[in-house]
file structure34.txt (compact mmCIF, C-alpha atoms)
# COMPACT_ATOMS: atom_id res chain seq x y z
CA MET A 1 -10.70 25.36 -1.56
CA GLY A 2 -7.36 24.19 -0.14
CA ALA A 3 -4.28 23.10 -1.99
CA SER A 4 -4.61 19.79 -3.84
CA PHE A 5 -1.20 18.64 -2.57
CA HIS A 6 1.44 19.62 -0.03
CA ILE A 7 5.23 19.36 -0.29
CA THR A 8 7.25 19.55 2.92
CA VAL A 9 10.84 18.80 3.93
CA GLU A 10 11.93 17.54 7.35
CA ASN A 11 15.64 16.88 7.82
CA THR A 12 16.58 14.74 4.78
CA THR A 13 13.06 13.51 3.97
CA LEU A 14 10.81 15.02 1.31
CA SER A 15 7.10 14.42 1.95
CA VAL A 16 4.37 14.83 -0.66
CA ARG A 17 0.71 14.48 0.32
CA LEU A 18 -2.13 14.49 -2.21
CA ASP A 19 -4.97 16.43 -0.62
CA ASN A 20 -8.19 16.33 -2.60
CA PRO A 21 -10.10 13.67 -0.64
CA ALA A 22 -13.55 14.73 -1.85
CA GLN A 23 -12.49 13.53 -5.34
CA HIS A 24 -10.33 10.62 -4.13
CA ASN A 25 -7.19 12.69 -4.87
CA LYS A 26 -7.98 12.86 -8.56
CA LEU A 27 -5.29 14.74 -10.50
CA SER A 28 -6.19 17.63 -12.79
CA PRO A 29 -3.72 18.73 -15.49
CA ALA A 30 -2.98 21.86 -13.44
CA THR A 31 -2.27 19.76 -10.33
CA MET A 32 -0.01 17.39 -12.27
CA LYS A 33 1.90 20.30 -13.76
CA ALA A 34 2.36 22.03 -10.40
CA LEU A 35 3.40 18.81 -8.69
CA ARG A 36 5.85 18.01 -11.50
CA GLU A 37 7.41 21.45 -11.22
CA GLY A 38 7.69 21.19 -7.44
CA LEU A 39 9.39 17.80 -7.64
CA THR A 40 11.71 18.91 -10.43
CA GLU A 41 12.94 21.67 -8.14
CA LYS A 42 13.42 19.27 -5.20
CA ALA A 43 15.37 16.85 -7.38
CA GLU A 44 18.26 19.35 -7.30
CA ASP A 45 18.47 19.30 -3.49
CA LYS A 46 21.52 17.18 -2.66
CA SER A 47 20.57 17.05 1.03
CA LEU A 48 17.45 14.95 0.40
CA ARG A 49 17.80 11.21 0.90
CA VAL A 50 14.27 9.85 0.51
CA MET A 51 10.75 10.89 -0.51
CA VAL A 52 7.42 9.72 0.89
CA LEU A 53 4.33 10.07 -1.31
CA THR A 54 0.91 9.51 0.26
CA GLY A 55 -2.67 10.77 0.16
CA THR A 56 -5.40 12.17 2.39
CA GLY A 57 -8.67 10.33 2.95
CA LYS A 58 -9.94 6.92 1.93
CA SER A 59 -8.08 6.71 -1.40
CA PHE A 60 -4.49 7.22 -2.42
CA CYS A 61 -5.27 8.46 -5.92
CA ALA A 62 -8.03 8.00 -8.49
CA GLY A 63 -5.79 8.96 -11.41
CA ALA A 64 -6.24 11.70 -13.95
CA ASP A 65 -9.36 13.84 -14.25
CA LEU A 66 -11.19 12.19 -17.16
CA GLY A 67 -13.19 15.33 -17.79
CA GLU A 68 -9.97 16.97 -18.93
CA LEU A 69 -8.85 14.15 -21.23
CA GLY A 70 -10.20 15.65 -24.43
CA ARG A 71 -7.94 18.65 -23.97
CA TYR A 72 -4.75 16.64 -23.53
CA ASN A 73 -1.91 16.97 -25.98
CA PHE A 74 -0.87 13.33 -25.97
CA ASP A 75 2.65 14.21 -27.08
CA GLU A 76 2.87 16.07 -23.75
CA ASN A 77 0.63 13.96 -21.52
CA PRO A 78 0.71 15.53 -18.03
CA LEU A 79 0.38 12.15 -16.29
CA GLU A 80 3.28 10.67 -18.25
CA GLN A 81 5.35 13.77 -17.56
CA LEU A 82 4.61 13.59 -13.83
CA THR A 83 5.33 9.88 -13.44
CA ASP A 84 8.55 10.26 -15.44
CA VAL A 85 9.74 12.96 -13.02
CA VAL A 86 8.83 10.81 -10.01
CA GLU A 87 10.60 7.75 -11.42
CA ARG A 88 13.73 9.77 -12.20
CA LEU A 89 14.03 11.47 -8.82
CA PRO A 90 17.63 10.80 -7.79
CA PHE A 91 16.82 9.61 -4.27
CA PRO A 92 14.72 6.57 -3.27
CA THR A 93 10.95 7.09 -3.10
CA VAL A 94 8.35 5.39 -0.92
CA CYS A 95 4.64 5.38 -1.79
CA ALA A 96 2.53 4.98 1.36
CA LEU A 97 -0.82 3.86 -0.03
CA ASN A 98 -3.38 5.10 2.48
CA GLY A 99 -6.26 3.61 0.47
CA GLY A 100 -7.43 2.49 -2.94
CA VAL A 101 -5.48 3.30 -6.10
CA TYR A 102 -7.22 3.58 -9.44
CA GLY A 103 -6.41 4.34 -13.07
CA GLY A 104 -3.42 6.61 -13.48
CA GLY A 105 -2.95 6.59 -9.72
CA ALA A 106 -1.53 3.09 -10.14
CA ASP A 107 1.13 4.43 -12.49
CA LEU A 108 1.99 7.17 -10.00
CA ALA A 109 2.47 4.49 -7.34
CA LEU A 110 4.52 2.29 -9.68
CA SER A 111 6.81 5.21 -10.51
CA CYS A 112 7.99 5.10 -6.87
CA ASP A 113 10.69 2.69 -5.75
CA PHE A 114 8.73 1.10 -2.90
CA ARG A 115 5.02 0.70 -2.18
CA ILE A 116 3.51 0.06 1.24
CA GLY A 117 -0.19 -0.80 1.18
CA ILE A 118 -2.92 -1.39 3.74
CA THR A 119 -5.05 -4.50 4.04
CA THR A 120 -8.31 -2.66 3.29
CA MET A 121 -7.19 -1.21 -0.06
CA SER A 122 -7.92 -2.41 -3.58
CA SER A 123 -7.03 -1.36 -7.09
CA PHE A 124 -8.40 -1.40 -10.60
CA ILE A 125 -7.44 0.33 -13.84
CA PRO A 126 -10.54 1.07 -15.97
CA PRO A 127 -9.52 2.46 -19.40
CA ALA A 128 -11.09 -0.45 -21.31
CA ARG A 129 -14.36 0.11 -19.43
CA ILE A 130 -14.64 3.66 -20.74
CA GLY A 131 -13.07 3.28 -24.16
CA ILE A 132 -9.67 4.91 -23.74
CA HIS A 133 -6.05 3.76 -24.09
CA TYR A 134 -3.78 3.95 -21.05
CA PRO A 135 -0.61 6.03 -21.51
CA PRO A 136 2.00 3.83 -23.23
CA VAL A 137 4.76 4.81 -20.82
CA GLY A 138 2.51 3.64 -18.00
CA LEU A 139 1.89 0.33 -19.76
CA ALA A 140 5.64 -0.16 -20.17
CA ARG A 141 6.22 0.65 -16.50
CA ALA A 142 3.53 -1.83 -15.40
CA VAL A 143 5.10 -4.61 -17.48
CA ALA A 144 8.57 -3.77 -16.16
CA ARG A 145 7.41 -3.73 -12.53
CA LEU A 146 4.80 -6.49 -12.52
CA GLY A 147 5.41 -8.68 -15.57
CA LEU A 148 3.21 -9.11 -18.64
CA GLY A 149 0.65 -11.45 -17.05
CA PRO A 150 -0.34 -9.23 -14.11
CA ALA A 151 -0.31 -6.17 -16.37
CA LYS A 152 -2.82 -7.86 -18.70
CA ARG A 153 -5.01 -8.74 -15.72
CA PHE A 154 -5.11 -5.04 -14.88
CA PHE A 155 -5.57 -3.61 -18.37
CA LEU A 156 -7.25 -6.31 -20.48
CA ALA A 157 -9.45 -8.00 -17.86
CA CYS A 158 -9.98 -4.86 -15.75
CA GLU A 159 -9.71 -6.95 -12.59
CA ARG A 160 -10.23 -5.29 -9.24
CA MET A 161 -7.42 -6.62 -7.08
CA SER A 162 -7.48 -6.92 -3.32
CA ALA A 163 -4.56 -5.88 -1.15
CA GLU A 164 -3.44 -9.52 -0.88
CA GLU A 165 -3.49 -9.91 -4.67
CA LEU A 166 -1.57 -6.66 -5.08
CA LYS A 167 1.07 -8.05 -2.74
CA SER A 168 1.21 -11.40 -4.56
CA ILE A 169 1.79 -9.83 -8.00
CA GLY A 170 4.49 -7.50 -6.70
CA PHE A 171 2.53 -4.26 -6.89
CA LEU A 172 2.98 -3.91 -3.12
CA ASP A 173 6.34 -4.49 -1.49
CA TYR A 174 4.88 -4.39 2.01
CA LEU A 175 1.35 -4.93 3.34
CA VAL A 176 0.26 -3.73 6.79
CA GLU A 177 -2.87 -3.03 8.78
CA PRO A 178 -4.14 0.56 8.30
CA GLU A 179 -3.06 1.65 11.77
CA GLU A 180 0.49 0.42 11.06
CA LEU A 181 1.05 2.37 7.83
CA THR A 182 2.75 5.39 9.39
CA ALA A 183 5.07 3.36 11.59
CA ARG A 184 6.08 1.01 8.74
CA THR A 185 6.71 3.95 6.43
CA ASP A 186 8.77 5.75 9.04
CA ALA A 187 10.84 2.63 9.66
CA LEU A 188 11.61 2.19 5.95
CA VAL A 189 12.50 5.88 5.65
CA ARG A 190 14.88 5.56 8.61
CA ASP A 191 16.52 2.50 7.11
CA ILE A 192 17.02 4.15 3.72
CA GLY A 193 18.15 7.42 5.28
CA ALA A 194 20.97 5.64 7.10
CA LEU A 195 22.46 4.23 3.89
CA ALA A 196 25.11 5.83 1.66
CA PRO A 197 23.37 8.44 -0.54
CA LEU A 198 25.84 8.22 -3.43
CA SER A 199 25.45 4.44 -3.54
CA LEU A 200 21.66 4.71 -3.53
CA ARG A 201 21.50 7.42 -6.18
CA GLY A 202 23.83 5.59 -8.54
CA MET A 203 22.23 2.17 -8.12
CA LYS A 204 18.69 3.56 -8.41
CA GLU A 205 19.48 5.14 -11.76
CA THR A 206 21.25 2.02 -12.98
CA LEU A 207 18.40 -0.27 -11.89
CA ASN A 208 15.80 1.93 -13.59
CA ASP A 209 17.92 2.04 -16.75
CA ILE A 210 18.03 -1.77 -16.71
CA ALA A 211 14.23 -1.96 -16.25
CA ARG A 212 13.76 0.31 -19.26
CA GLY A 213 16.22 -1.68 -21.34
CA GLU A 214 18.56 1.32 -21.43
CA LEU A 215 21.57 0.13 -19.41
CA ASP A 216 24.58 2.38 -20.04
CA ILE A 217 27.59 0.46 -18.75
CA ALA A 218 29.90 3.47 -19.03
CA LYS A 219 27.56 5.60 -16.92
CA ALA A 220 27.20 2.85 -14.34
CA ARG A 221 30.98 2.51 -14.15
CA GLN A 222 31.21 6.23 -13.42
CA PHE A 223 28.80 5.78 -10.53
CA GLN A 224 31.00 2.94 -9.26
CA LEU A 225 34.14 5.05 -9.48
CA ALA A 226 32.51 8.02 -7.75
CA CYS A 227 31.52 5.80 -4.83
CA LEU A 228 34.99 4.28 -4.51
CA GLN A 229 36.52 7.77 -4.44
CA SER A 230 34.02 9.14 -1.92
CA ASP A 231 34.48 10.03 1.74
CA ASP A 232 31.43 7.86 2.42
CA PHE A 233 33.30 4.76 1.24
CA THR A 234 36.12 5.58 3.65
CA GLU A 235 33.59 6.08 6.45
CA GLY A 236 31.80 2.85 5.54
CA LYS A 237 34.99 0.81 5.72
CA GLN A 238 35.96 2.42 9.01
CA ALA A 239 32.52 1.86 10.52
CA LEU A 240 32.62 -1.79 9.46
CA ALA A 241 36.04 -2.25 11.06
CA GLU A 242 34.90 -0.53 14.25
CA LYS A 243 31.60 -2.43 14.31
CA ARG A 244 29.48 0.73 14.51
CA PRO A 245 26.81 2.35 12.31
CA ALA A 246 28.27 4.48 9.53
CA ASN A 247 27.60 8.21 9.44
CA PHE A 248 27.30 8.94 5.74
CA LYS A 249 27.44 12.51 4.44
CA GLY A 250 26.66 11.97 0.78
CA ALA A 251 30.11 13.02 -0.40
call {"tool": "encode", "arguments": {"input": "structure34.txt", "output": "structure tokens"}}
result
Amino acid sequence: MGASFHITVENTTLSVRLDNPAQHNKLSPATMKALREGLTEKAEDKSLRVMVLTGTGKSFCAGADLGELGRYNFDENPLEQLTDVVERLPFPTVCALNGGVYGGGADLALSCDFRIGITTMSSFIPPARIGIHYPPVGLARAVARLGLGPAKRFFLACERMSAEELKSIGFLDYLVEPEELTARTDALVRDIGALAPLSLRGMKETLNDIARGELDIAKARQFQLACLQSDDFTEGKQALAEKRPANFKGA
């Protein structure tokens, strides 16, 4: 049996591919732990500017392995731990949804900064159909990203939403035909990769703090100051004056 996910780096882009298509990329506790550890290590790499998360096969992710649920320590829920690491990665993250997203897979997608979906995908989150309670951190993230009304449609009505509905409620930022997914993802990665890394890292953390109701003004001011004192700010001003693309170094 092959690896259930792959992590690769090309230039300044980190790519993560879930690879358990026979089970719709379902995540076992061991897989979640290994993926969390791999991403925690990559978070320290200052050369990385963007991450792409996608899946193999017809589904992006079917969430956590329910057969393992009874053995969870809910004070150390592996899904919550994984999505927290993804959300807190210092560089922007793009989720390229190659297919349907179900259960905890939706929280994994929502923990990314951007989501690109395909017109043939759909999503539903079934805890109320099987008598379990969704992880509270995931509920909070869904409300922060989507609003209370759409979150209740997912969790309390167990609606299956089409790609168009997912776009309309804000779950998807971009919606493309299946054959366009790679090109659209690559284009977004190129756009993000050309921006100032210090600016992106600081503003991402500040925006996520705001979404969690944890804005630290002093910390945000430090991010501002670091950017103003950076070589990238000097380069950005010079590029603007010379009417050329800036060549940011992340310093």
call {"tool": "residues_around", "arguments": {"input": "structure34.txt", "residues": "range 194-202 of chain A", "least_positions_apart": "5", "cutoff": "9 Å", "atoms": "only C-alpha atoms", "output": "list in words"}}
result
Leu48, Arg49, Leu89, Pro90, Phe91, Pro92, Val189, Leu207, Ala220, Gln222, Phe223, Gln224, Ala226, Cys227, Ser230, Asp232, Phe233, Gly236, Pro245, Ala246, Asn247, Phe248, Lys249, Gly250 and Ala251 of chain A
call {"tool": "closest_residue", "arguments": {"input": "structure34.txt", "among": "A:Gly99, A:Gly104, A:Gly38, A:Gly138", "to": "Ile125 in chain A", "atoms": "all atoms listed in the file"}}
result
A:Gly104
call {"tool": "closest_residue", "arguments": {"input": "structure34.txt", "among": "A:Asn208, A:Gly100, A:Ile192, A:Glu180", "to": "Arg160 in chain A", "atoms": "only C-alpha atoms"}}
result
A:Gly100
call {"tool": "residues_around", "arguments": {"input": "structure34.txt", "residues": "Leu181 in chain A", "least_positions_apart": "6", "cutoff": "8 Å", "atoms": "all atoms listed in the file", "output": "JSON, numbers by chain"}}
result
{"A": [96, 98, 116, 117, 118]}
call {"tool": "atom_distance", "arguments": {"input": "structure34.txt", "atom1": "CA of Glu87 in chain A", "atom2": "CA of Leu110 in chain A"}}
result
8.4 Å
call {"tool": "residues_around", "arguments": {"input": "structure34.txt", "residues": "Asp107 in chain A", "least_positions_apart": "6", "cutoff": "9 Å", "atoms": "all atoms listed in the file", "output": "compact mmCIF listing (two decimals) with C-alpha atoms, keeping the file's coordinate frame"}}
result
# COMPACT_ATOMS: atom_id res chain seq x y z
CA GLY A 63 -5.79 8.96 -11.41
CA LEU A 79 0.38 12.15 -16.29
CA GLU A 80 3.28 10.67 -18.25
CA THR A 83 5.33 9.88 -13.44
CA GLY A 138 2.51 3.64 -18.00
CA LEU A 139 1.89 0.33 -19.76
CA ARG A 141 6.22 0.65 -16.50
CA ALA A 142 3.53 -1.83 -15.40
